[in-house]
Every structure is written in C-alpha cells, then in structure tokens.
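Listing of start18.cif, mmCIF, C-alpha atoms and all ligand atoms
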```
data_input
loop_
_atom_site.group_PDB
_atom_site.id
_atom_site.type_symbol
_atom_site.label_atom_id
_atom_site.label_comp_id
_atom_site.auth_asym_id
_atom_site.auth_seq_id
_atom_site.Cartn_x
_atom_site.Cartn_y
_atom_site.Cartn_z
ATOM 1 C CA MET L 1 -44.387 -204.158 -122.129
ATOM 2 C CA SER L 2 -44.831 -201.084 -124.268
ATOM 3 C CA ASP L 3 -42.486 -198.153 -123.663
ATOM 4 C CA PRO L 4 -43.785 -196.502 -120.424
ATOM 5 C CA TYR L 5 -42.316 -193.130 -121.483
ATOM 6 C CA SER L 6 -44.739 -193.059 -124.441
ATOM 7 C CA ASP L 7 -47.656 -192.735 -122.005
ATOM 8 C CA LEU L 8 -46.020 -191.723 -118.752
ATOM 9 C CA ALA L 9 -49.079 -190.099 -117.183
ATOM 10 C CA ALA L 10 -50.871 -193.491 -117.323
ATOM 11 C CA GLN L 11 -48.149 -195.311 -115.330
ATOM 12 C CA ASP L 12 -48.399 -195.828 -111.586
ATOM 13 C CA THR L 13 -46.959 -193.107 -109.370
ATOM 14 C CA ALA L 14 -44.029 -195.235 -108.131
ATOM 15 C CA LEU L 15 -42.848 -195.890 -111.705
ATOM 16 C CA GLN L 16 -43.225 -192.222 -112.669
ATOM 17 C CA GLU L 17 -41.191 -191.184 -109.585
ATOM 18 C CA ARG L 18 -38.502 -193.770 -110.406
ATOM 19 C CA ILE L 19 -38.303 -192.446 -113.976
ATOM 20 C CA ALA L 20 -38.207 -188.843 -112.678
ATOM 21 C CA ASP L 21 -35.239 -189.776 -110.423
ATOM 22 C CA ALA L 22 -33.439 -191.375 -113.392
ATOM 23 C CA ILE L 23 -34.075 -188.270 -115.547
ATOM 24 C CA ASP L 24 -32.753 -186.035 -112.743
ATOM 25 C CA ALA L 25 -29.616 -188.218 -112.431
ATOM 26 C CA ARG L 26 -29.015 -188.075 -116.179
ATOM 27 C CA CYS L 27 -29.567 -184.307 -116.356
ATOM 28 C CA GLN L 28 -26.967 -183.718 -113.628
ATOM 29 C CA ASP L 29 -24.372 -186.118 -115.077
ATOM 30 C CA SER L 30 -21.448 -183.956 -116.250
ATOM 31 C CA ALA L 31 -20.825 -186.005 -119.411
ATOM 32 C CA GLN L 32 -24.494 -185.589 -120.360
ATOM 33 C CA MET L 33 -24.249 -181.843 -119.658
ATOM 34 C CA GLU L 34 -21.328 -181.674 -122.100
ATOM 35 C CA ILE L 35 -23.486 -183.272 -124.808
ATOM 36 C CA ARG L 36 -26.186 -180.657 -124.265
ATOM 37 C CA SER L 37 -23.802 -177.713 -124.178
ATOM 38 C CA GLY L 38 -22.270 -179.127 -127.394
ATOM 39 C CA TYR L 39 -25.423 -178.708 -129.427
ATOM 40 C CA LEU L 40 -27.443 -176.042 -127.552
ATOM 41 C CA SER L 41 -24.881 -173.243 -127.566
ATOM 42 C CA ASP L 42 -24.592 -171.957 -131.137
ATOM 43 C CA PHE L 43 -28.014 -170.724 -132.299
ATOM 44 C CA ASN L 44 -27.520 -166.955 -132.231
ATOM 45 C CA LEU L 45 -31.128 -166.315 -131.170
ATOM 46 C CA ALA L 46 -32.840 -162.902 -131.230
ATOM 47 C CA GLN L 47 -32.719 -160.973 -127.934
ATOM 48 C CA ASP L 48 -36.317 -161.681 -126.908
ATOM 49 C CA ALA L 49 -36.385 -165.251 -128.221
ATOM 50 C CA PHE L 50 -39.050 -167.666 -126.937
ATOM 51 C CA ALA L 51 -38.082 -171.352 -126.764
ATOM 52 C CA VAL L 52 -40.090 -174.505 -126.147
ATOM 53 C CA GLU L 53 -38.940 -177.905 -124.923
ATOM 54 C CA LEU L 54 -41.259 -180.758 -125.918
ATOM 55 C CA GLY L 55 -41.194 -183.693 -123.500
ATOM 56 C CA SER L 56 -39.618 -181.564 -120.765
ATOM 57 C CA GLY L 57 -39.565 -184.230 -118.028
ATOM 58 C CA THR L 58 -38.205 -182.709 -114.807
ATOM 59 C CA GLY L 59 -37.291 -179.403 -116.469
ATOM 60 C CA TYR L 60 -33.477 -179.169 -116.504
ATOM 61 C CA ILE L 61 -33.181 -178.881 -120.269
ATOM 62 C CA THR L 62 -35.953 -176.284 -120.462
ATOM 63 C CA GLN L 63 -33.820 -174.117 -118.180
ATOM 64 C CA GLU L 64 -30.821 -174.663 -120.467
ATOM 65 C CA LEU L 65 -32.818 -173.185 -123.358
ATOM 66 C CA VAL L 66 -32.305 -169.920 -121.461
ATOM 67 C CA THR L 67 -28.882 -170.482 -119.857
ATOM 68 C CA LEU L 68 -27.154 -172.224 -122.799
ATOM 69 C CA ALA L 69 -29.209 -171.480 -125.921
ATOM 70 C CA GLY L 70 -29.814 -167.805 -125.088
ATOM 71 C CA ALA L 71 -33.638 -167.631 -125.158
ATOM 72 C CA SER L 72 -35.180 -164.991 -122.915
ATOM 73 C CA SER L 73 -38.042 -167.262 -121.860
ATOM 74 C CA ALA L 74 -38.852 -170.948 -122.211
ATOM 75 C CA LEU L 75 -41.855 -173.232 -121.888
ATOM 76 C CA GLY L 76 -41.654 -176.956 -121.106
ATOM 77 C CA ILE L 77 -44.519 -179.135 -122.364
ATOM 78 C CA GLU L 78 -44.896 -182.541 -120.763
ATOM 79 C CA PRO L 79 -47.849 -184.981 -120.459
ATOM 80 C CA SER L 80 -47.051 -186.267 -116.946
ATOM 81 C CA PRO L 81 -48.420 -183.999 -114.164
ATOM 82 C CA ILE L 82 -45.911 -185.635 -111.780
ATOM 83 C CA MET L 83 -42.986 -184.448 -113.945
ATOM 84 C CA VAL L 84 -44.520 -180.994 -114.393
ATOM 85 C CA GLU L 85 -44.991 -180.641 -110.627
ATOM 86 C CA ARG L 86 -41.361 -181.629 -110.006
ATOM 87 C CA ALA L 87 -40.138 -179.148 -112.650
ATOM 88 C CA ASN L 88 -42.271 -176.375 -111.147
ATOM 89 C CA GLU L 89 -40.833 -177.116 -107.668
ATOM 90 C CA THR L 90 -37.191 -177.320 -108.800
ATOM 91 C CA PHE L 91 -37.319 -174.157 -110.907
ATOM 92 C CA ALA L 92 -39.865 -172.100 -108.926
ATOM 93 C CA ALA L 93 -37.379 -169.249 -108.520
ATOM 94 C CA ASP L 94 -36.634 -168.901 -112.235
ATOM 95 C CA HIS L 95 -39.360 -166.641 -113.634
ATOM 96 C CA ARG L 96 -38.134 -167.051 -117.203
ATOM 97 C CA LEU L 97 -39.504 -170.623 -117.198
ATOM 98 C CA ARG L 98 -42.980 -172.146 -117.346
ATOM 99 C CA PHE L 99 -44.032 -175.792 -117.376
ATOM 100 C CA ASP L 100 -47.389 -176.973 -118.685
ATOM 101 C CA VAL L 101 -49.064 -180.349 -119.012
ATOM 102 C CA GLY L 102 -49.538 -181.006 -122.724
ATOM 103 C CA ASP L 103 -48.809 -183.090 -125.803
ATOM 104 C CA ALA L 104 -46.036 -182.459 -128.322
ATOM 105 C CA LYS L 105 -48.411 -183.406 -131.140
ATOM 106 C CA GLU L 106 -50.921 -180.708 -130.177
ATOM 107 C CA THR L 107 -49.235 -177.912 -128.246
ATOM 108 C CA GLY L 108 -52.001 -175.317 -128.499
ATOM 109 C CA LEU L 109 -49.346 -172.695 -129.370
ATOM 110 C CA ALA L 110 -50.007 -170.186 -132.152
ATOM 111 C CA ASP L 111 -48.673 -170.618 -135.702
ATOM 112 C CA ASP L 112 -45.254 -169.015 -136.343
ATOM 113 C CA SER L 113 -44.798 -168.045 -132.667
ATOM 114 C CA VAL L 114 -41.650 -169.850 -131.418
ATOM 115 C CA ASP L 115 -37.948 -169.145 -132.123
ATOM 116 C CA LEU L 116 -36.478 -172.457 -130.935
ATOM 117 C CA VAL L 117 -37.969 -175.895 -130.256
ATOM 118 C CA VAL L 118 -35.904 -178.635 -128.607
ATOM 119 C CA ALA L 119 -36.741 -182.341 -128.370
ATOM 120 C CA HIS L 120 -34.128 -183.989 -126.127
ATOM 121 C CA THR L 121 -34.678 -187.760 -125.907
ATOM 122 C CA LEU L 122 -38.351 -187.342 -126.766
ATOM 123 C CA LEU L 123 -38.833 -188.653 -130.299
ATOM 124 C CA CYS L 124 -37.540 -192.169 -129.537
ATOM 125 C CA HIS L 125 -40.559 -192.535 -127.225
ATOM 126 C CA VAL L 126 -43.291 -191.214 -129.531
ATOM 127 C CA PRO L 127 -45.268 -193.485 -131.849
ATOM 128 C CA GLY L 128 -45.778 -191.369 -134.992
ATOM 129 C CA PRO L 129 -42.877 -188.871 -134.591
ATOM 130 C CA GLU L 130 -43.904 -187.238 -137.899
ATOM 131 C CA ASP L 131 -46.930 -185.755 -136.082
ATOM 132 C CA VAL L 132 -44.593 -184.016 -133.610
ATOM 133 C CA ILE L 133 -42.379 -182.793 -136.453
ATOM 134 C CA SER L 134 -45.309 -181.247 -138.352
ATOM 135 C CA GLU L 135 -46.552 -179.564 -135.137
ATOM 136 C CA VAL L 136 -43.066 -178.096 -134.619
ATOM 137 C CA TYR L 137 -43.083 -176.829 -138.213
ATOM 138 C CA ARG L 138 -46.433 -175.138 -137.576
ATOM 139 C CA ILE L 139 -45.421 -173.320 -134.357
ATOM 140 C CA LEU L 140 -41.921 -172.222 -135.424
ATOM 141 C CA LYS L 141 -41.409 -168.762 -136.868
ATOM 142 C CA PRO L 142 -39.989 -168.751 -140.408
ATOM 143 C CA GLY L 143 -36.234 -169.211 -139.916
ATOM 144 C CA GLY L 144 -36.862 -170.807 -136.496
ATOM 145 C CA VAL L 145 -34.683 -173.652 -135.227
ATOM 146 C CA PHE L 146 -35.637 -177.222 -134.321
ATOM 147 C CA ALA L 147 -32.905 -179.024 -132.349
ATOM 148 C CA ILE L 148 -33.244 -182.753 -131.747
ATOM 149 C CA CYS L 149 -30.990 -184.982 -129.694
ATOM 150 C CA ASP L 150 -31.566 -188.631 -128.919
ATOM 151 C CA GLY L 151 -29.731 -191.828 -128.184
ATOM 152 C CA ASP L 152 -28.465 -194.072 -130.951
ATOM 153 C CA TYR L 153 -29.745 -196.920 -128.836
ATOM 154 C CA ASP L 154 -28.189 -199.856 -130.621
ATOM 155 C CA THR L 155 -24.805 -198.580 -129.398
ATOM 156 C CA ALA L 156 -25.694 -198.849 -125.682
ATOM 157 C CA THR L 157 -23.457 -201.286 -123.834
ATOM 158 C CA ALA L 158 -21.986 -202.245 -120.466
ATOM 159 C CA GLN L 159 -19.922 -205.083 -121.945
ATOM 160 C CA ILE L 160 -16.345 -205.471 -120.704
ATOM 161 C CA ALA L 161 -15.628 -208.959 -122.089
ATOM 162 C CA ASP L 162 -17.155 -211.654 -124.306
ATOM 163 C CA PHE L 163 -20.598 -212.849 -123.094
ATOM 164 C CA ASP L 164 -20.687 -210.333 -120.227
ATOM 165 C CA PRO L 165 -24.184 -210.825 -118.667
ATOM 166 C CA LEU L 166 -24.483 -207.155 -117.615
ATOM 167 C CA ASP L 167 -24.814 -206.212 -121.262
ATOM 168 C CA GLN L 168 -28.093 -208.118 -121.479
ATOM 169 C CA LEU L 169 -29.556 -205.913 -118.732
ATOM 170 C CA VAL L 170 -28.784 -202.778 -120.753
ATOM 171 C CA ARG L 171 -30.284 -204.289 -123.917
ATOM 172 C CA PHE L 172 -33.382 -205.480 -122.062
ATOM 173 C CA MET L 173 -33.889 -202.089 -120.415
ATOM 174 C CA ILE L 174 -33.750 -200.384 -123.836
ATOM 175 C CA ASN L 175 -35.964 -203.028 -125.449
ATOM 176 C CA GLN L 176 -38.601 -202.346 -122.783
ATOM 177 C CA ASN L 177 -38.276 -198.548 -122.594
ATOM 178 C CA VAL L 178 -37.687 -197.201 -126.108
ATOM 179 C CA THR L 179 -40.288 -197.133 -128.915
ATOM 180 C CA ASN L 180 -37.909 -196.466 -131.837
ATOM 181 C CA LEU L 181 -34.232 -197.408 -131.392
ATOM 182 C CA TRP L 182 -33.398 -196.030 -134.836
ATOM 183 C CA ILE L 183 -34.933 -192.559 -134.635
ATOM 184 C CA MET L 184 -31.657 -190.659 -135.100
ATOM 185 C CA ARG L 185 -30.778 -192.780 -138.142
ATOM 186 C CA GLN L 186 -34.177 -191.862 -139.657
ATOM 187 C CA ILE L 187 -34.454 -188.240 -138.566
ATOM 188 C CA GLY L 188 -32.987 -186.567 -141.684
ATOM 189 C CA GLY L 189 -35.650 -188.068 -143.958
ATOM 190 C CA LEU L 190 -38.463 -187.324 -141.506
ATOM 191 C CA LEU L 191 -37.428 -183.668 -141.210
ATOM 192 C CA THR L 192 -36.957 -182.969 -144.921
ATOM 193 C CA ARG L 193 -40.287 -184.644 -145.764
ATOM 194 C CA SER L 194 -41.941 -182.109 -143.415
ATOM 195 C CA GLY L 195 -40.261 -179.138 -145.128
ATOM 196 C CA PHE L 196 -37.297 -178.524 -142.795
ATOM 197 C CA GLU L 197 -33.828 -177.564 -144.019
ATOM 198 C CA LEU L 198 -31.142 -179.668 -142.356
ATOM 199 C CA GLY L 199 -28.320 -178.068 -140.375
ATOM 200 C CA ARG L 200 -25.514 -179.645 -138.424
ATOM 201 C CA ARG L 201 -25.649 -183.319 -137.407
ATOM 202 C CA ARG L 202 -23.218 -184.438 -134.730
ATOM 203 C CA GLY L 203 -22.367 -187.588 -132.810
ATOM 204 C CA HIS L 204 -21.721 -187.384 -129.051
ATOM 205 C CA GLY L 205 -20.123 -190.292 -127.217
ATOM 206 C CA TYR L 206 -21.350 -190.791 -123.647
ATOM 207 C CA VAL L 207 -19.132 -192.749 -121.273
ATOM 208 C CA ALA L 208 -20.348 -193.206 -117.697
ATOM 209 C CA GLU L 209 -17.856 -191.682 -115.276
ATOM 210 C CA GLY L 210 -17.218 -191.720 -111.522
ATOM 211 C CA ASP L 211 -20.039 -193.362 -109.605
ATOM 212 C CA ALA L 212 -22.010 -193.961 -112.866
ATOM 213 C CA THR L 213 -25.219 -192.891 -111.115
ATOM 214 C CA TYR L 214 -27.319 -192.638 -114.282
ATOM 215 C CA PHE L 215 -25.969 -195.778 -115.948
ATOM 216 C CA LEU L 216 -26.637 -197.786 -112.788
ATOM 217 C CA THR L 217 -30.301 -196.732 -113.039
ATOM 218 C CA VAL L 218 -30.305 -198.382 -116.489
ATOM 219 C CA ILE L 219 -28.752 -201.582 -115.128
ATOM 220 C CA ASP L 220 -31.024 -201.688 -112.066
ATOM 221 C CA ARG L 221 -34.192 -201.059 -114.092
ATOM 222 C CA GLY L 222 -33.159 -203.714 -116.638
ATOM 223 C CA ALA L 223 -32.555 -206.289 -113.876
ATOM 224 C CA ASP L 224 -35.813 -205.458 -112.076
ATOM 225 C CA ARG L 225 -37.761 -205.710 -115.326
ATOM 226 C CA MET L 226 -36.181 -209.102 -116.079
ATOM 227 C CA ALA L 227 -37.328 -210.304 -112.651
ATOM 228 C CA GLU L 228 -40.846 -208.806 -113.058
ATOM 229 C CA THR L 229 -41.295 -210.544 -116.410
ATOM 230 C CA GLY L 230 -40.033 -213.878 -115.062
ATOM 231 C CA VAL L 231 -36.848 -214.002 -117.164
ATOM 232 C CA LEU L 232 -34.718 -214.022 -113.999
ATOM 233 C CA GLN L 233 -35.344 -215.057 -110.420
ATOM 234 C CA ALA L 234 -35.362 -212.062 -108.082
ATOM 235 C CA THR L 235 -32.162 -213.311 -106.412
ATOM 236 C CA THR L 236 -30.361 -213.517 -109.778
ATOM 237 C CA ALA L 237 -31.466 -209.975 -110.673
ATOM 238 C CA GLU L 238 -30.151 -208.747 -107.301
ATOM 239 C CA ALA L 239 -26.838 -210.550 -107.874
ATOM 240 C CA LEU L 240 -26.410 -208.898 -111.292
ATOM 241 C CA LYS L 241 -27.201 -205.483 -109.825
ATOM 242 C CA ALA L 242 -24.630 -206.140 -107.084
ATOM 243 C CA GLU L 243 -22.062 -207.063 -109.760
ATOM 244 C CA ALA L 244 -22.639 -203.716 -111.516
ATOM 245 C CA HIS L 245 -22.371 -201.742 -108.281
ATOM 246 C CA ALA L 246 -19.203 -203.665 -107.301
ATOM 247 C CA ARG L 247 -17.663 -202.884 -110.692
ATOM 248 C CA VAL L 248 -18.274 -199.195 -110.074
ATOM 249 C CA SER L 249 -16.666 -199.279 -106.633
ATOM 250 C CA GLN L 250 -13.696 -201.281 -107.996
ATOM 251 C CA ASN L 251 -13.322 -198.997 -111.078
ATOM 252 C CA ARG L 252 -14.146 -201.911 -113.403
ATOM 253 C CA PHE L 253 -17.466 -200.569 -114.709
ATOM 254 C CA PHE L 254 -17.873 -199.468 -118.320
ATOM 255 C CA GLY L 255 -21.084 -197.959 -119.683
ATOM 256 C CA TYR L 256 -21.368 -196.344 -123.099
ATOM 257 C CA MET L 257 -23.907 -195.000 -125.571
ATOM 258 C CA SER L 258 -23.736 -192.692 -128.576
ATOM 259 C CA TYR L 259 -26.095 -189.743 -128.845
ATOM 260 C CA VAL L 260 -26.792 -187.856 -132.078
ATOM 261 C CA SER L 261 -27.968 -184.254 -132.408
ATOM 262 C CA GLN L 262 -29.567 -182.805 -135.514
ATOM 263 C CA ILE L 263 -30.263 -179.114 -136.093
ATOM 264 C CA ALA L 264 -32.981 -178.144 -138.583
ATOM 265 C CA ARG L 265 -34.516 -174.855 -139.684
ATOM 266 C CA LYS L 266 -37.944 -173.871 -140.945
ATOM 267 C CA PRO L 267 -37.227 -172.050 -144.224
ATOM 268 C CA ALA L 268 -37.096 -168.280 -143.754
ATOM 269 C CA GLY L 269 -39.973 -167.763 -146.193
HETATM 270 C C1 LIG P 301 -36.608 -189.553 -121.576
HETATM 271 S S1 LIG P 301 -37.711 -188.341 -121.015
HETATM 272 C C2 LIG P 301 -36.788 -186.873 -121.396
HETATM 273 C C3 LIG P 301 -37.108 -185.709 -120.496
HETATM 274 C C4 LIG P 301 -36.236 -184.477 -120.793
HETATM 275 N N1 LIG P 301 -36.363 -184.040 -122.155
HETATM 276 C C5 LIG P 301 -34.793 -184.798 -120.489
HETATM 277 O O1 LIG P 301 -34.056 -185.208 -121.399
HETATM 278 O O2 LIG P 301 -34.411 -184.660 -119.320
HETATM 279 C C6 LIG P 301 -38.968 -188.285 -122.260
HETATM 280 C C7 LIG P 301 -40.141 -187.404 -121.873
HETATM 281 O O3 LIG P 301 -41.005 -187.249 -122.999
HETATM 282 C C8 LIG P 301 -42.336 -187.230 -122.525
HETATM 283 N N2 LIG P 301 -43.266 -187.546 -123.623
HETATM 284 C C9 LIG P 301 -43.601 -188.754 -124.124
HETATM 285 N N3 LIG P 301 -44.531 -188.623 -125.091
HETATM 286 C C10 LIG P 301 -44.781 -187.277 -125.219
HETATM 287 C C11 LIG P 301 -45.641 -186.498 -126.032
HETATM 288 N N4 LIG P 301 -46.459 -187.056 -126.941
HETATM 289 N N5 LIG P 301 -45.634 -185.164 -125.876
HETATM 290 C C12 LIG P 301 -44.799 -184.572 -124.973
HETATM 291 N N6 LIG P 301 -43.976 -185.266 -124.172
HETATM 292 C C13 LIG P 301 -43.967 -186.595 -124.282
HETATM 293 C C14 LIG P 301 -42.331 -188.258 -121.415
HETATM 294 O O4 LIG P 301 -43.442 -188.103 -120.554
HETATM 295 C C15 LIG P 301 -40.981 -187.999 -120.752
HETATM 296 O O5 LIG P 301 -41.067 -187.082 -119.697
#
```
Exercise: express the given structure as structure tokens:
Amino acid sequence: MSDPYSDLAAQDTALQERIADAIDARCQDSAQMEIRSGYLSDFNLAQDAFAVELGSGTGYITQELVTLAGASSALGIEPSPIMVERANETFAADHRLRFDVGDAKETGLADDSVDLVVAHTLLCHVPGPEDVISEVYRILKPGGVFAICDGDYDTATAQIADFDPLDQLVRFMINQNVTNLWIMRQIGGLLTRSGFELGRRRGHGYVAEGDATYFLTVIDRGADRMAETGVLQATTAEALKAEAHARVSQNRFFGYMSYVSQIARKPAG
C-alpha cells in the first residue's frame, strides 16, 4: 500500500476519519505539545505577521502559529476536504485562522507574501519534497522563516524486550504510512540546494505517557493493516492489540520516537 497520507483526499471516508482522530489525539498529547512549543516559540515575528501551515490536517498546529509563534493571522492549507471541514468546525470561533483546500506544491499565494511557513509532519508524506521547498521559497518574504518538524521514523519503537512482537506492529504501521522515513536526515541538503540558510536543528524525544492514546492508534492501525494484508489472522491482530492495551493499563507500555526540527530562512536579500 502506498502512504495514504500522500493522497488523503482519495482515501475512503472511514480511513480519513480514522486518520483525523489519530491526528487529533497526537495534537492533544502533552509530550507532543512540548515538542511544538520547543521549536515554534522563538521566531520574533513582526507584529502583523502572516503565517501558513502546509498540510494542516485538523488545524491544531495552524492555531499554534498564532498562539505560540506570534503570528497575527494564519492559513492552513490541506488537500483533504474532510480535514479542512473538521478544522473549520473546531476553530470556528478563532477569526485569526483560515483553512483552505489546497496543495503545498502549488499554494496560489503571492510571491514574497508570507512571514512564516511551517511543515509539521508533512514532508515525510510528500513524494518530491523539493517541489514543496521551492514553493515555500517563492511565497516567503525575504528574511522569512521556514520551520520543519518531522519524525525520525527509524527510531520508532514499542519494544520492551528482545523479539517483542509489538515492535513489528509499529514498524509495519510506519512502513505502510510514511513515504520517506529519512526526510529529517536529508532536509539540510534539500533546503540549502533551494537557497535557504539553515538555522537551528534540534532533536526532540517523544515518549508516550499516561494512557498512550496516540501511540495506541499506531499499534492498532499497524495490527489492523497486518490483518487486512493477510500477514496476520484477524484474531492474532486483536490479541496483539489487547496486549498493547493491557500493557498501558498495567504501566508496562513503552512507546518512543525521535522528532527533529529544522529552522531555515530565506536570505534577507
Ligand atoms: C501527518 S498529517 C499532519 C497534519 C498536521 N500538520 C499535524 O501535524 O497535526 C499530514 C498532512 O499532510 C497532508 N498532505 C499530504 N500531502 C500534501 C500536499 N501535497 N500538500 C498539502 N498537504 C498535504 C495530509 O493530507 C495530512 O493531513
């Protein structure tokens, strides 16, 4: 299966809703919020700054471009009308935000018109990320900031002992749902080839806490996908999901992945 996030609008409604629920769970996970506040808070934007999130999903991070990054207004661009509708419902009361259906490779925004662009877990899903990067270069004002954060997917694990079968569910889920596992190890070269100046690069460790709501969506989707593709019998997939949920309730669950953020700037001119 090719990565469904790379063409989300073409997936059936049930899958898009399941992915929207997983995105919502991840956005509201406090350890994930710490990652975002770690890299979105120190841009020193102009007072009337306009920010854009590419691949805005259900909209939480677009709002943080105002609440954390200090923009006065923000636009989320997202190809899936189901995601855009959910974002518009959740954030209807916040008039600083707008969400539009669109493509990160062709935003329709004017040259040199945006102060800050953020791509949070977008580029790992896009075949041809260099096309997104050159579009960002075009729309940013001289001196404008491009902030990227994505998983370093090879580090994802739920393993608590040798040959732990739950780890295979995490690896399968990522294998089936990510286009480029190595994007954050390649991002420096991609950005400088497009003319960007590199700023701070940081690693952010994510450890699932408490009821591990988001990480369990990874396990459950991995198990279901293994059953759908005939790797596992449905009963085996259910048993592995039950093992993960039991580990959470018995405080034996461990889920981890590194994220990397990279700040870049369009030269001031
Ligand atoms: C993992 S989700 C991240 C959503 C949001 N940024 C967040 O972190 O909560 C990736 C999003 O990128 C969107 N996406 C994929 N390809 C895209 C493209 N070419 N242009 C804009 N968005 C795209 C997907 O539809 C999906 O909503």
Would you list the residues that come within 7 Å of ligand LIG 301 (chain P)? Count all atoms listed in the file and give the answer as a VMD selection string. chain L and resid 5 to 9 23 to 24 27 54 to 61 77 to 80 83 102 to 105 119 to 122 125 to 126
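With distances restricted to only C-alpha atoms, L:Leu169 is the closest residue to Leu240 (chain L) from L:Ala208, L:Gly255, L:Asn177, L:Leu169.
Straight-line separation from CA of Asp115 (chain L) to CA of Glu53 (chain L): 11.4 Å.
Nearest-residue note for Ala242 (chain L): choosing from L:Cys149, L:Val260, L:Leu216, L:Leu15, the minimum distance belongs to L:Leu216, counting only C-alpha atoms.
Going from CA of Ser113 (chain L) to CA of Gly189 (chain L) covers 24.7 Å.
Within 12 Å of Thr235 (chain L), once all atoms listed in the file are used and residues closer than 6 positions along the same chain are dropped, the contacting residues are Ala223, Asp224, Met226, Ala227, Glu228, Lys241 and Ala242 of chain L.
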Using only C-alpha atoms, which of L:Asp164, L:Asp211, L:Lys266, L:Ala74 sits nearest Val136 (chain L)? L:Lys266
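Closest approach to Arg171 (chain L) among L:Val218, L:Leu191, L:Leu45, L:Ala244: L:Val218, based on all atoms listed in the file.
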Output check: residues returned by the PyMOL selection byres (((chain L and resi 147) around 9) and not hetatm), as a PyMOL selection string: chain L and resi 39-40+116-120+145-146+148-149+261-265
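Residue nearest Gln176 (chain L) within the list L:Gly222, L:Gly70, L:Gly151, L:Gly205: L:Gly222 [criterion: smallest interatomic distance, all atoms listed in the file].
Straight-line separation from CA of Ala69 (chain L) to CA of Ala51 (chain L): 8.9 Å.
Nearest residue to Val132 (chain L) among L:Asn175, L:Leu97, L:Gln168, L:Ser194 is L:Ser194, counting all atoms listed in the file.
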I need region 57-70 of chain L from the structure I supplied, saved as a JSON list (two decimals), in the first residue's frame with N, CA, C and O atoms retained.
```json
[["chain", "number", "residue", "atom", "x", "y", "z"],
["L", 57, "GLY", "N", -3.91, 19.35, 8.26],
["L", 57, "GLY", "CA", -4.68, 18.31, 8.94],
["L", 57, "GLY", "C", -5.90, 18.89, 9.63],
["L", 57, "GLY", "O", -6.71, 19.59, 9.00],
["L", 58, "THR", "N", -6.06, 18.62, 10.93],
["L", 58, "THR", "CA", -7.25, 19.06, 11.66],
["L", 58, "THR", "C", -7.07, 20.44, 12.30],
["L", 58, "THR", "O", -7.93, 20.87, 13.06],
["L", 59, "GLY", "N", -5.96, 21.11, 12.05],
["L", 59, "GLY", "CA", -5.87, 22.55, 12.33],
["L", 59, "GLY", "C", -5.19, 23.01, 13.62],
["L", 59, "GLY", "O", -4.97, 24.21, 13.80],
["L", 60, "TYR", "N", -4.85, 22.08, 14.51],
["L", 60, "TYR", "CA", -4.31, 22.50, 15.82],
["L", 60, "TYR", "C", -3.01, 23.29, 15.69],
["L", 60, "TYR", "O", -2.76, 24.25, 16.40],
["L", 61, "ILE", "N", -2.16, 22.85, 14.77],
["L", 61, "ILE", "CA", -0.85, 23.50, 14.67],
["L", 61, "ILE", "C", -0.98, 24.85, 13.99],
["L", 61, "ILE", "O", -0.28, 25.81, 14.35],
["L", 62, "THR", "N", -1.93, 24.97, 13.06],
["L", 62, "THR", "CA", -2.19, 26.28, 12.46],
["L", 62, "THR", "C", -2.54, 27.29, 13.55],
["L", 62, "THR", "O", -2.06, 28.42, 13.55],
["L", 63, "GLN", "N", -3.36, 26.87, 14.52],
["L", 63, "GLN", "CA", -3.70, 27.79, 15.61],
["L", 63, "GLN", "C", -2.45, 28.16, 16.42],
["L", 63, "GLN", "O", -2.28, 29.29, 16.85],
["L", 64, "GLU", "N", -1.54, 27.19, 16.58],
["L", 64, "GLU", "CA", -0.33, 27.48, 17.36],
["L", 64, "GLU", "C", 0.60, 28.46, 16.64],
["L", 64, "GLU", "O", 1.48, 29.05, 17.28],
["L", 65, "LEU", "N", 0.43, 28.63, 15.33],
["L", 65, "LEU", "CA", 1.24, 29.64, 14.64],
["L", 65, "LEU", "C", 0.88, 31.03, 15.17],
["L", 65, "LEU", "O", 1.71, 31.94, 15.15],
["L", 66, "VAL", "N", -0.34, 31.17, 15.69],
["L", 66, "VAL", "CA", -0.75, 32.42, 16.33],
["L", 66, "VAL", "C", -0.41, 32.38, 17.83],
["L", 66, "VAL", "O", 0.25, 33.28, 18.35],
["L", 67, "THR", "N", -0.83, 31.31, 18.51],
["L", 67, "THR", "CA", -0.71, 31.30, 19.98],
["L", 67, "THR", "C", 0.73, 31.07, 20.46],
["L", 67, "THR", "O", 1.12, 31.57, 21.52],
["L", 68, "LEU", "N", 1.52, 30.31, 19.72],
["L", 68, "LEU", "CA", 2.91, 30.04, 20.15],
["L", 68, "LEU", "C", 3.92, 30.86, 19.36],
["L", 68, "LEU", "O", 4.87, 31.42, 19.91],
["L", 69, "ALA", "N", 3.74, 30.91, 18.02],
["L", 69, "ALA", "CA", 4.77, 31.54, 17.18],
["L", 69, "ALA", "C", 4.59, 33.05, 17.08],
["L", 69, "ALA", "O", 5.51, 33.74, 16.66],
["L", 70, "GLY", "N", 3.41, 33.57, 17.44],
["L", 70, "GLY", "CA", 3.22, 35.01, 17.50],
["L", 70, "GLY", "C", 2.75, 35.66, 16.21],
["L", 70, "GLY", "O", 2.82, 36.88, 16.07]]
```
